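The next block holds one structure in the form of structure tokens; read it before the comments.
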Amino acid sequence: MRALFRSRTKRDYLSDALALLSGWTREGEQIRRTLLIDESQHAALTERVKVVADALHLRPEISRSADRTLIRVGHGDDEPLSEGEVLLAARIEDAYRAVTGS
């Protein structure tokens with residue numbers, strides 16, 4: 001399977017993976033997602049994300065404002081997105097579906 005991507009650049013591969021993550025937007029070298037969830041869902045999501053982020057040695061930014069949870073993944077300091085950061089975004093989507101039941 002690895003040979004299929006050999007002719008493609010890493011950046012193309014990450015762009016393709018990001019295209020599959022609906023709701024995520026790219027801002028430079030960061031990706032972000034805003035979720036409309038309540039306080040208990042926010043708490044549950046944050047705990048699940050912490051477990052995955054710790055395993056991947058990543059630190060997403062998660063903040064709460066009114067009824068919205070904002071998540072940012074990436075360095076924001078001109079460091080390119082990594083495969084791990086895109087993987088984290090996918091796992092965050094899984095956690096979001098789990099805590100909202102959708």
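Going by the structure tokens order, chains are called A, B, ..., each with residues numbered from 1, while ligands are numbered from 1 in the order shown.
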
Determine which residues of segment 22-93 of chain A DSSP labels as strand (DSSP E or B) from the backbone of this structure, then write them out as a list in words. Thr25, Arg26, Glu27, Gln30, Ile31, Arg32, Arg33, Thr34, Leu35, Leu36, Glu61, Ile62, Ser63, Arg64, Ser65, Arg68, Thr69, Leu70, Ile71, Arg72, Val73 and Gly74 of chain A

Selection file, N, CA and C atoms, as a PDB file, in the first residue's frame:
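The resulting file, selection.pdb, is shown below:
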```
ATOM      1  N   THR A  25     -11.359  23.290   8.849  1.00  0.00           N
ATOM      2  CA  THR A  25     -10.837  24.278   7.912  1.00  0.00           C
ATOM      3  C   THR A  25      -9.353  24.473   8.176  1.00  0.00           C
ATOM      4  N   ARG A  26      -8.657  24.784   7.125  1.00  0.00           N
ATOM      5  CA  ARG A  26      -7.215  24.984   7.236  1.00  0.00           C
ATOM      6  C   ARG A  26      -6.917  26.470   7.314  1.00  0.00           C
ATOM      7  N   GLU A  27      -6.078  26.848   8.264  1.00  0.00           N
ATOM      8  CA  GLU A  27      -5.609  28.217   8.413  1.00  0.00           C
ATOM      9  C   GLU A  27      -4.099  28.171   8.478  1.00  0.00           C
ATOM     10  N   GLN A  30      -2.317  25.281  10.464  1.00  0.00           N
ATOM     11  CA  GLN A  30      -3.207  24.760  11.503  1.00  0.00           C
ATOM     12  C   GLN A  30      -4.526  24.355  10.858  1.00  0.00           C
ATOM     13  N   ILE A  31      -5.206  23.433  11.504  1.00  0.00           N
ATOM     14  CA  ILE A  31      -6.567  23.118  11.113  1.00  0.00           C
ATOM     15  C   ILE A  31      -7.455  23.362  12.326  1.00  0.00           C
ATOM     16  N   ARG A  32      -8.709  23.748  12.070  1.00  0.00           N
ATOM     17  CA  ARG A  32      -9.594  24.058  13.187  1.00  0.00           C
ATOM     18  C   ARG A  32     -10.998  23.554  12.911  1.00  0.00           C
ATOM     19  N   ARG A  33     -11.725  23.388  14.006  1.00  0.00           N
ATOM     20  CA  ARG A  33     -13.104  22.906  13.928  1.00  0.00           C
ATOM     21  C   ARG A  33     -13.874  23.548  15.060  1.00  0.00           C
ATOM     22  N   THR A  34     -15.078  24.032  14.766  1.00  0.00           N
ATOM     23  CA  THR A  34     -15.965  24.582  15.777  1.00  0.00           C
ATOM     24  C   THR A  34     -17.146  23.636  15.923  1.00  0.00           C
ATOM     25  N   LEU A  35     -17.445  23.265  17.156  1.00  0.00           N
ATOM     26  CA  LEU A  35     -18.523  22.322  17.438  1.00  0.00           C
ATOM     27  C   LEU A  35     -19.573  22.976  18.325  1.00  0.00           C
ATOM     28  N   LEU A  36     -20.836  22.753  18.018  1.00  0.00           N
ATOM     29  CA  LEU A  36     -21.935  23.228  18.848  1.00  0.00           C
ATOM     30  C   LEU A  36     -22.334  22.088  19.777  1.00  0.00           C
ATOM     31  N   GLU A  61      -5.309  22.769  20.857  1.00  0.00           N
ATOM     32  CA  GLU A  61      -5.909  23.841  21.650  1.00  0.00           C
ATOM     33  C   GLU A  61      -7.411  23.615  21.654  1.00  0.00           C
ATOM     34  N   ILE A  62      -8.004  23.515  22.838  1.00  0.00           N
ATOM     35  CA  ILE A  62      -9.449  23.346  22.957  1.00  0.00           C
ATOM     36  C   ILE A  62      -9.958  24.449  23.868  1.00  0.00           C
ATOM     37  N   SER A  63     -10.895  25.233  23.365  1.00  0.00           N
ATOM     38  CA  SER A  63     -11.461  26.315  24.175  1.00  0.00           C
ATOM     39  C   SER A  63     -12.978  26.297  24.067  1.00  0.00           C
ATOM     40  N   ARG A  64     -13.604  26.926  25.035  1.00  0.00           N
ATOM     41  CA  ARG A  64     -15.068  26.955  25.123  1.00  0.00           C
ATOM     42  C   ARG A  64     -15.523  28.399  25.169  1.00  0.00           C
ATOM     43  N   SER A  65     -16.527  28.722  24.375  1.00  0.00           N
ATOM     44  CA  SER A  65     -17.107  30.056  24.373  1.00  0.00           C
ATOM     45  C   SER A  65     -18.598  29.909  24.104  1.00  0.00           C
ATOM     46  N   ARG A  68     -20.183  26.942  22.114  1.00  0.00           N
ATOM     47  CA  ARG A  68     -19.265  26.445  21.085  1.00  0.00           C
ATOM     48  C   ARG A  68     -17.948  25.960  21.691  1.00  0.00           C
ATOM     49  N   THR A  69     -17.438  24.908  21.081  1.00  0.00           N
ATOM     50  CA  THR A  69     -16.109  24.402  21.420  1.00  0.00           C
ATOM     51  C   THR A  69     -15.235  24.584  20.191  1.00  0.00           C
ATOM     52  N   LEU A  70     -14.123  25.263  20.352  1.00  0.00           N
ATOM     53  CA  LEU A  70     -13.187  25.503  19.253  1.00  0.00           C
ATOM     54  C   LEU A  70     -11.963  24.621  19.466  1.00  0.00           C
ATOM     55  N   ILE A  71     -11.596  23.894  18.424  1.00  0.00           N
ATOM     56  CA  ILE A  71     -10.427  23.007  18.480  1.00  0.00           C
ATOM     57  C   ILE A  71      -9.458  23.430  17.390  1.00  0.00           C
ATOM     58  N   ARG A  72      -8.199  23.572  17.757  1.00  0.00           N
ATOM     59  CA  ARG A  72      -7.134  23.874  16.797  1.00  0.00           C
ATOM     60  C   ARG A  72      -6.049  22.826  16.938  1.00  0.00           C
ATOM     61  N   VAL A  73      -5.609  22.350  15.802  1.00  0.00           N
ATOM     62  CA  VAL A  73      -4.548  21.349  15.754  1.00  0.00           C
ATOM     63  C   VAL A  73      -3.460  21.883  14.833  1.00  0.00           C
ATOM     64  N   GLY A  74      -2.229  21.799  15.255  1.00  0.00           N
ATOM     65  CA  GLY A  74      -1.105  22.277  14.458  1.00  0.00           C
ATOM     66  C   GLY A  74      -0.280  23.248  15.271  1.00  0.00           C
TER      67      GLY A  74
END
```

Name the residues in contact with segment 15-23 of chain A at a cut-off of 8 Å, using only C-alpha atoms, excluding same-chain residues fewer than 4 positions from it; report them as number ranges by chain. A: 11, 33-34, 86, 89-90, 93

Could you tell me how far atom CA of Asp38 of chain A lies from atom CA of Asp67 of chain A, in Å and to one decimal?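 Interatomic distance here is 6.1 Å.
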
Give me the residues near Leu56 of chain A as a PyMOL selection string, where near means some atom within 12 Å (using only C-alpha atoms) and where sequence neighbours in that chain fewer than 5 positions away do not count. chain A and resi 49-51+82-89+91

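Across the model, the gap from atom CA of Asp54 of chain A to atom CA of Glu29 of chain A is 20.6 Å.
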
So which residues touch Glu47 of chain A within 12 Å, counting only C-alpha atoms, skipping near sequence neighbours fewer than 3 positions away, as a ChimeraX atom specification? /A:40-44,50-54,62,92,95-96,99

Those residues you just picked out, can you put them in a file as a compact mmCIF listing (two decimals), in the first residue's frame with N, CA and C atoms?
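So the final result, stored in out_4.txt, reads:
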```txt
# COMPACT_ATOMS: atom_id res chain seq x y z
N SER A 40 -21.55 19.31 29.16
CA SER A 40 -21.20 17.92 29.49
C SER A 40 -20.55 17.23 28.29
N GLN A 41 -21.03 17.51 27.08
CA GLN A 41 -20.41 16.95 25.89
C GLN A 41 -19.00 17.50 25.71
N HIS A 42 -18.83 18.79 26.00
CA HIS A 42 -17.50 19.40 25.91
C HIS A 42 -16.53 18.70 26.86
N ALA A 43 -16.98 18.46 28.10
CA ALA A 43 -16.12 17.80 29.09
C ALA A 43 -15.76 16.39 28.64
N ALA A 44 -16.74 15.65 28.13
CA ALA A 44 -16.48 14.28 27.67
C ALA A 44 -15.54 14.28 26.46
N LYS A 50 -7.84 14.26 25.09
CA LYS A 50 -6.61 14.25 25.89
C LYS A 50 -5.91 12.89 25.82
N VAL A 51 -6.68 11.82 25.90
CA VAL A 51 -6.10 10.48 25.85
C VAL A 51 -5.40 10.25 24.51
N VAL A 52 -6.08 10.58 23.42
CA VAL A 52 -5.50 10.38 22.08
C VAL A 52 -4.31 11.30 21.87
N ALA A 53 -4.45 12.57 22.25
CA ALA A 53 -3.36 13.53 22.06
C ALA A 53 -2.12 13.11 22.84
N ASP A 54 -2.31 12.62 24.06
CA ASP A 54 -1.17 12.15 24.84
C ASP A 54 -0.47 10.99 24.14
N ILE A 62 -8.00 23.52 22.84
CA ILE A 62 -9.45 23.35 22.96
C ILE A 62 -9.96 24.45 23.87
N ILE A 92 -10.52 13.06 16.77
CA ILE A 92 -11.41 14.03 17.40
C ILE A 92 -12.81 13.89 16.80
N ALA A 95 -14.40 10.96 18.41
CA ALA A 95 -14.81 11.30 19.78
C ALA A 95 -16.06 12.17 19.76
N TYR A 96 -16.13 13.10 18.84
CA TYR A 96 -17.29 13.97 18.71
C TYR A 96 -18.55 13.14 18.43
N VAL A 99 -19.60 11.24 21.66
CA VAL A 99 -20.22 12.00 22.75
C VAL A 99 -21.56 12.63 22.36
```

Could you find all residues in chain A that DSSP calls alpha helix (DSSP H) from the backbone, and write them as a VMD selection string? chain A and resid 10 to 19 39 to 56 83 to 100
